[in-house]
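Single-structure report; data block below.
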There are 2 protein chains.
Amino acid sequence: MPNCEISKAALGRIPAYLRYLRSLPPNIRNISATAIARELGFGEVQVRKDLSSLCGSGKPKTGYQTTVLIDSLGSFLDRKNGTAVIVGAGKLGRALLDYEGFSDYGLKIAAAFDIAVSETEYSPKGNPIFEIGMMSPFCAENDVNIGIIAVPVGAAQEACDCLAKNGIRAIWCFAPCRLTKPDGVVIQYENMALSLAHLKMQIK
Amino acid sequence: MPNCEISKAALGRIPAYLRYLRSLPPNIRNISATAIARELGFGEVQVRKDLSSLCGSGKPKTGYQTTVLIDSLGSFLDRKNGTAVIVGAGKLGRALLDYEGFSDYGLKIAAAFDIAVSETEYSPKGNPIFEIGMMSPFCAENDVNIGIIAVPVGAAQEACDCLAKNGIRAIWCFAPCRLTKPDGVVIQYENMALSLAHLKMQIK
C-alpha cells in the first residue's frame, strides 16, 4: 500500500467505498473504478485517483480484485492507531463518547474522564467515564494516542498538558480558545460557533 | 460597511477584535491596526487586511475610531439574521442548544424539536425543546432561518424537508449522510468522524 497523504475529501470517501465493496456478493471477484463510481454517484476521475493513490493501479479490463481493494482501503484507515479518550464528560463529551460514526474510520473512543466524576460511570452505550486520576494508567494500558478536549475554556490548557504528559500525540479541541502547544503534539481546533457563522454568511 | 465576502479564518478573528476593542477604556478613541495586532498576537498585515475589508481604511497616523470599528465589526456579524433551531434533542442536540459560543457571532439557537418530546421541556440553560409539530408556528413567529439536523441518518432527510418547508434557508447537518437538497437551501455537513480521522492521519 502506498504510504501517501490524501485529502480530507478523499479520506471521507473511503467508508463509502468499503461499505459498497463489502456489500458485494462473493462471486464479484473483480471490479472497475467505473462500476464503483456509477454505483456511488461519484465522478469516475475522482474514484480512479482515490483508488490509484491508495491501492495502486487496477488491471486494464478487469479492474481491481475486490478482496485486495477491501484490504488496502481497510489497512489505510487502520495504519495508525486511532484510540482516543475524551476529557470532559458534559453533554458534548458524552455525545462524542457514544457517537457511532467513528468506527467507520478505524477510530475508537475508549473512555472519558471528568473531574466531577468520583466513581466510574458508564454511558448508555456502555463506555466508561472515569475520575480524572485514572487517565495515566488508562492511557498507558490502552495505548491511547488521541485526546479530545471537551471542557470549558478555563480548563482546556490543563487538559491539553495532562494529555500530552500521558503520551497523547494528537489533540482535538472543542474549547473555543488557543492552546499552548506541547512539543510534538498536533492540535486540531473545532470551532462550532465559527462553522455555524460561516454557514450563515452563505445565506443568499 | 463594505458588503464583502470574507474567509472563514477572518470571520473567526472578528470576535477577538470585538472583545479587545470593547475592553478598552473609553478614553482610547482611536486605535491602529498595529496596536490591535500587537495586543492579540496576530500578524499586522492580516489585521490590516481584515479591518480594511470590513471597515474601510484607517486614517494615517490616528488609525481607526474605536467606536466606528466596534459598530462596523458588530454589524457585519449581525447583517444576516442568525436565528437557528435544532431538530433532534439527543445528547448532541442538547449540547448544541446550550453551547455558549454562538452569541460571539451574532447567532441564537432559539429552540430544539424532537419527536420523542410530547410536552415542552427546558434545557438547563432554559432553552425550550418542543414537540416536532410546533416547528411551523415557532419558525414563522421567530423568523428562524437556520436549521441544525442532529437526528440519526434515517430521519435526516425528513428533518431537512421539514426545515425547508418552514422557510429555513441554511442547514447544518450532523447526520453522516448526503441529503437531497431542497431548492434555494445551503447545506453544510459536519462530519465529526471524518474530522477526527483527518487528525489521526496527521500524527507523525
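As shown in the C-alpha cells, the chain order sets the letters A, B, ...; within each chain, residues go from 1, and ligands are also counted from 1 in the order they appear.
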
| Residues of chain A within 7 Å of chain B, only C-alpha atoms counted, as a list in words | Lys8, Gly12, Gly82, Lys91, Leu92, Ala95, Gly101, Phe102, Tyr105, Arg169, Ala170, Val186, Gln188, Ala193, Leu194, Ala197, His198, Leu199, Lys200 and Ile203 of chain A

Deliver the residues from the most recent selection as a file, using C-alpha atoms, as a JSON list (two decimals), in the first residue's frame.
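The file below, selection19.json, is the result:
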```json
[["chain", "number", "residue", "atom", "x", "y", "z"],
["A", 8, "LYS", "CA", -9.70, 15.13, 3.70],
["A", 12, "GLY", "CA", -14.16, 10.94, 3.58],
["A", 82, "GLY", "CA", -6.90, 5.52, 16.42],
["A", 91, "LYS", "CA", -23.18, 16.95, 27.20],
["A", 92, "LEU", "CA", -20.74, 17.34, 24.33],
["A", 95, "ALA", "CA", -22.39, 12.86, 22.86],
["A", 101, "GLY", "CA", -19.70, 7.11, 13.16],
["A", 102, "PHE", "CA", -16.11, 6.87, 14.43],
["A", 105, "TYR", "CA", -12.73, 5.35, 10.14],
["A", 169, "ARG", "CA", 0.24, 12.93, 20.18],
["A", 170, "ALA", "CA", -2.93, 14.41, 18.69],
["A", 186, "VAL", "CA", -0.73, 18.07, 16.69],
["A", 188, "GLN", "CA", -6.91, 20.49, 15.65],
["A", 193, "ALA", "CA", -19.75, 28.69, 16.50],
["A", 194, "LEU", "CA", -17.44, 29.67, 13.64],
["A", 197, "ALA", "CA", -21.40, 31.63, 11.47],
["A", 198, "HIS", "CA", -19.71, 30.66, 8.21],
["A", 199, "LEU", "CA", -22.89, 28.90, 7.10],
["A", 200, "LYS", "CA", -24.98, 31.95, 8.00],
["A", 203, "ILE", "CA", -27.33, 32.52, 3.01]]
```

| Selection near Ala140 (chain B), 8 Å with only C-alpha atoms, sequence-local residues under 4 positions removed, as a VMD selection string | chain B and resid 136 144 166

| Given only C-alpha atoms as the counted atoms, nearest of B:Leu69, B:Leu97, B:Ala159, B:Asp143 to Pro128 (chain B) | B:Leu97

| query | Which polymer residues have any atom within 10 Å of an atom of Thr34 (chain B), counting only C-alpha atoms, with same-chain residues fewer than 5 positions away left out, as a list in words? | reply |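 Once the adjacent positions are removed, what remains is Glu39, Phe42, Gly43, Glu44, Val45, Val47, Arg48 and Gly63 of chain B.
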
Same residues, all heavy atoms, saved as a PDB file, in the first residue's frame:
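Now in out.pdb:
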```pdb
ATOM      1  N   GLU B  39      -1.478  43.506  20.397  1.00  0.00           N
ATOM      2  CA  GLU B  39      -2.224  43.060  21.583  1.00  0.00           C
ATOM      3  C   GLU B  39      -2.753  41.628  21.424  1.00  0.00           C
ATOM      4  O   GLU B  39      -2.716  40.834  22.352  1.00  0.00           O
ATOM      5  CB  GLU B  39      -3.383  44.028  21.828  1.00  0.00           C
ATOM      6  CG  GLU B  39      -4.202  43.727  23.061  1.00  0.00           C
ATOM      7  CD  GLU B  39      -3.375  43.801  24.346  1.00  0.00           C
ATOM      8  OE1 GLU B  39      -2.416  44.618  24.411  1.00  0.00           O
ATOM      9  OE2 GLU B  39      -3.657  43.029  25.267  1.00  0.00           O
ATOM     10  N   PHE B  42      -1.733  38.723  16.520  1.00  0.00           N
ATOM     11  CA  PHE B  42      -1.989  38.396  15.114  1.00  0.00           C
ATOM     12  C   PHE B  42      -0.942  39.104  14.255  1.00  0.00           C
ATOM     13  O   PHE B  42      -0.311  40.058  14.697  1.00  0.00           O
ATOM     14  CB  PHE B  42      -3.374  38.901  14.673  1.00  0.00           C
ATOM     15  CG  PHE B  42      -4.542  38.236  15.357  1.00  0.00           C
ATOM     16  CD1 PHE B  42      -5.800  38.843  15.335  1.00  0.00           C
ATOM     17  CD2 PHE B  42      -4.416  37.019  16.016  1.00  0.00           C
ATOM     18  CE1 PHE B  42      -6.891  38.240  15.952  1.00  0.00           C
ATOM     19  CE2 PHE B  42      -5.513  36.413  16.635  1.00  0.00           C
ATOM     20  CZ  PHE B  42      -6.750  37.033  16.603  1.00  0.00           C
ATOM     21  N   GLY B  43      -0.795  38.681  13.019  1.00  0.00           N
ATOM     22  CA  GLY B  43       0.092  39.371  12.095  1.00  0.00           C
ATOM     23  C   GLY B  43      -0.473  40.745  11.734  1.00  0.00           C
ATOM     24  O   GLY B  43      -1.678  40.888  11.560  1.00  0.00           O
ATOM     25  N   GLU B  44       0.401  41.725  11.602  1.00  0.00           N
ATOM     26  CA  GLU B  44      -0.084  43.081  11.329  1.00  0.00           C
ATOM     27  C   GLU B  44      -0.744  43.185   9.952  1.00  0.00           C
ATOM     28  O   GLU B  44      -1.767  43.849   9.773  1.00  0.00           O
ATOM     29  CB  GLU B  44       1.097  44.066  11.425  1.00  0.00           C
ATOM     30  CG  GLU B  44       0.635  45.497  11.519  1.00  0.00           C
ATOM     31  CD  GLU B  44       1.804  46.478  11.639  1.00  0.00           C
ATOM     32  OE1 GLU B  44       2.767  46.168  12.360  1.00  0.00           O
ATOM     33  OE2 GLU B  44       1.718  47.544  11.001  1.00  0.00           O
ATOM     34  N   VAL B  45      -0.168  42.489   8.974  1.00  0.00           N
ATOM     35  CA  VAL B  45      -0.716  42.515   7.609  1.00  0.00           C
ATOM     36  C   VAL B  45      -2.132  41.933   7.599  1.00  0.00           C
ATOM     37  O   VAL B  45      -3.056  42.450   6.959  1.00  0.00           O
ATOM     38  CB  VAL B  45       0.202  41.723   6.643  1.00  0.00           C
ATOM     39  CG1 VAL B  45      -0.421  41.627   5.260  1.00  0.00           C
ATOM     40  CG2 VAL B  45       1.579  42.365   6.576  1.00  0.00           C
ATOM     41  N   VAL B  47      -4.249  41.785  10.143  1.00  0.00           N
ATOM     42  CA  VAL B  47      -5.190  42.689  10.813  1.00  0.00           C
ATOM     43  C   VAL B  47      -5.570  43.836   9.879  1.00  0.00           C
ATOM     44  O   VAL B  47      -6.744  44.180   9.733  1.00  0.00           O
ATOM     45  CB  VAL B  47      -4.587  43.228  12.134  1.00  0.00           C
ATOM     46  CG1 VAL B  47      -5.501  44.286  12.751  1.00  0.00           C
ATOM     47  CG2 VAL B  47      -4.363  42.090  13.123  1.00  0.00           C
ATOM     48  N   ARG B  48      -4.573  44.417   9.205  1.00  0.00           N
ATOM     49  CA  ARG B  48      -4.858  45.499   8.244  1.00  0.00           C
ATOM     50  C   ARG B  48      -5.843  45.041   7.179  1.00  0.00           C
ATOM     51  O   ARG B  48      -6.772  45.752   6.822  1.00  0.00           O
ATOM     52  CB  ARG B  48      -3.561  45.914   7.524  1.00  0.00           C
ATOM     53  CG  ARG B  48      -2.786  46.918   8.271  1.00  0.00           C
ATOM     54  CD  ARG B  48      -1.574  47.449   7.513  1.00  0.00           C
ATOM     55  NE  ARG B  48      -0.671  47.988   8.502  1.00  0.00           N
ATOM     56  CZ  ARG B  48      -0.914  49.102   9.193  1.00  0.00           C
ATOM     57  NH1 ARG B  48      -2.000  49.811   8.956  1.00  0.00           N
ATOM     58  NH2 ARG B  48      -0.073  49.516  10.128  1.00  0.00           N
ATOM     59  N   GLY B  63      -5.223  56.071  12.816  1.00  0.00           N
ATOM     60  CA  GLY B  63      -5.818  54.745  12.716  1.00  0.00           C
ATOM     61  C   GLY B  63      -7.340  54.814  12.629  1.00  0.00           C
ATOM     62  O   GLY B  63      -7.890  55.642  11.911  1.00  0.00           O
TER      63      GLY B  63
END
```

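When only C-alpha atoms are used to compute distances to Ala111 (chain A), the closest of the residues A:Ala16, A:Val68, A:Val85, A:Met135 turns out to be A:Val85.
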
| message | Would you compute the distance between CA of Ala164 (chain A) and CA of Pro182 (chain A)? Give it in Å to one decimal. | response |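 It comes out at 6.6 Å.
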
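Of the residues in region 111-192 of chain A, those given helix (DSSP H, G or I) by DSSP on the backbone are Ile132, Gly133, Met134, Met135, Ser136, Pro137, Phe138, Cys139, Ala140, Glu141, Asn142, Val153, Gly154, Ala155, Ala156, Gln157, Glu158, Ala159, Cys160, Asp161, Cys162, Leu163, Ala164, Lys165 and Met192 of chain A.
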
| said: Just checking: using only C-alpha atoms, which residue out of A:Phe138, A:Tyr64, A:Tyr20, A:Tyr122 ends up closest to Gly167 (chain A)? | reply: A:Phe138

| message | Report, in Å with one decimal, the straight-line distance from CA of Cys160 (chain B) to CA of Cys173 (chain B). | response | 8.6 Å

| field | All strand (DSSP E) positions in region 6-196 of chain B, as number ranges by chain | value | B: 30-31, 64-65, 83-87, 108-114, 121-122, 128-131, 146-149, 170-173, 186-189

| said: Give me the residues near Leu51 (chain B) as a ChimeraX atom specification, where near means some atom within 9 Å (using only C-alpha atoms) and where sequence neighbours in that chain fewer than 4 positions away do not count. | reply: /B:33,46-47,55-58,69,73

| request: Between B:Cys162, B:Ile36, B:Ile129, B:Ile31, single out the one closest to Ala110 (chain B), counting only C-alpha atoms. | output: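 Closest residue, counting only C-alpha atoms: B:Ile129.
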